[in-house]
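Notes follow once the structure below has been shown.
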Amino acid sequence: MSNEVAPTQPRTLVQYLDEQITKRADKFATLLQGTGVSPDKFKLVALQQLASKAELAKAAQSDPASFISSMLTAAEQGLDFARPNEAHLVPIGGKVVLFRGYKGIVKMARRNERVADIDVQVVRANDKYERRYGTAPFMSHEPPP
């Protein structure tokens, strides 16, 4: 696929990438197996993002392999584009890059048996927050009353 040139029209680009993803349907199904993410929905949401975000389409046009690669990585990690703050397709430097949202990072960490607990909190401007690293790590977070 890296030697192929993607079509220039947005509608045609979506069709072209749909064909490329369909060629890899078995791979996507295998990667998404057991994640609770439907391969068809996974593809649909990614292509909807492509069709609705001009900068993303431009990056996918420039490097269609980066779009497919980002989708494969998300599938491999069991991340779902349809879930807010889990996974994002982002155009950077003429390529499509997978960004893991904080919920995606938490989802991946929870699968690791060495992770005992995760607590995600928002720290706002008026909160008291202190963090120290080193041999005696410390963190304190106090929201205002």
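So you can find residues: chains in the structure tokens are A, B, ... in the order shown, residues in each start at 1, and ligands are numbered from 1 in order.
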| request: Any chance you could list, as a ChimeraX atom specification, the residues in chain A that come up helix (DSSP H, G or I) when DSSP is run on the backbone? | output: /A:10-23,25-32,39-52,54-62,64-76,102-110
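If only C-alpha atoms are the atoms counted, then among A:Phe99, A:Ile92, A:Gln49, A:Ala57 the closest residue to Thr12 of chain A is A:Ala57.
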| message | Need to verify the contact set: Phe42 of chain A, 8 Å, only C-alpha atoms, exclusion of same-chain residues closer than 3 positions in sequence. Can you return it as an MDAnalysis selection string? | response | chainID A and resid 37:39 45:46 80:82
